[in-house]
Amino acid sequence: MKSFDSRVSAYGIILGVTLMVIVYAILHDQYVVRIAPEHFTVFHEPLWSITNASLLAAAYALQASAVPGLILGFSCFAVGRLGSWPKVPPKAILMGAAAVIGATELVAASSGLLAWALQRGIFPAFVYPESSLPLIVTQTIQISCYAASALFSGIFLLGILVHRRSALRNDASSGKRSVSPPHTAGPTES
């Protein structure tokens, strides 16, 4: 039964994180495309013969987020559950990944608002494909989103490791085992 539970936890974490990242990316790009449709229609290559700007943004979001989502999902599982150190519950990992997504969007949206308020980009000029304000805002949002997601994901994974190491030390100092004991059946009925 423990092997089955481990597989369910693994699949739940990996697929859960991956799906959260994909859904986030699609929703994120839906407001980006409304600020500047040309962000996707002019400054990206055509994709799958899609001509609708909103669908194109969703397709690019799917394409851009699936592999990073899988990598983050596998990383969360490996860092949080593998090995003999105390395991982090899947729910805590999924909530942490959701917090990473929320923090990422806060940084991305805030940077876009800052670019809009300043009426100019906040990054070097070479990263902006043209000088129209809507494209400056969307490019600022996208660059900030990618950078923040990498930073916050790394911090989150490091936080999981620190938490597991701390739990291991606490277990060792209190005399507890560092791995969970096998599941025992409850009292039987007569």
# chains A, B, ... in the order shown; residues from 1 in each chain; ligands from 1

call {"tool": "select_by_dssp", "arguments": {"residues": "segment 16-95 of chain A", "states": "helix (DSSP H, G or I)", "output": "ChimeraX atom specification"}}
result
/A:16-35,38-41,53-81,90-95

call {"tool": "residues_around", "arguments": {"residues": "Ala117 of chain A", "least_positions_apart": "6", "cutoff": "12 Å", "atoms": "only C-alpha atoms", "output": "number ranges by chain"}}
result
A: 110-111, 133-134, 136-137

call {"tool": "closest_residue", "arguments": {"among": "A:Ile141, A:Ala78, A:Val33, A:Ala10", "to": "Leu161 of chain A", "atoms": "only C-alpha atoms"}}
result
A:Ala78

call {"tool": "closest_residue", "arguments": {"among": "A:Pro86, A:Glu105, A:Ile14, A:Arg169", "to": "Ser144 of chain A", "atoms": "only C-alpha atoms"}}
result
A:Glu105

call {"tool": "atom_distance", "arguments": {"atom1": "atom CA of Phe74 of chain A", "atom2": "atom CA of Val17 of chain A"}}
result
8.7 Å

call {"tool": "residues_around", "arguments": {"residues": "His39 of chain A", "least_positions_apart": "6", "cutoff": "9 Å", "atoms": "only C-alpha atoms", "output": "list in words"}}
result
Val32, Val33, Ala57, Pro134, Leu135, Thr138 and Gln139 of chain A

call {"tool": "closest_residue", "arguments": {"among": "A:Ala36, A:Leu55, A:Ala98, A:Cys145", "to": "Met20 of chain A", "atoms": "only C-alpha atoms"}}
result
A:Ala98

call {"tool": "residues_around", "arguments": {"residues": "Gly121 of chain A", "least_positions_apart": "2", "cutoff": "9 Å", "atoms": "only C-alpha atoms", "output": "list in words"}}
result
Gly112, Leu114, Ala115, Trp116, Leu118, Gln119, Phe123, Pro124, Ala125, Tyr128, Ser131, Leu133, Ile136, Val137, Gln139 and Thr140 of chain A

call {"tool": "closest_residue", "arguments": {"among": "A:Ile155, A:Leu168, A:Ala148, A:Leu70", "to": "Ile101 of chain A", "atoms": "only C-alpha atoms"}}
result
A:Ala148
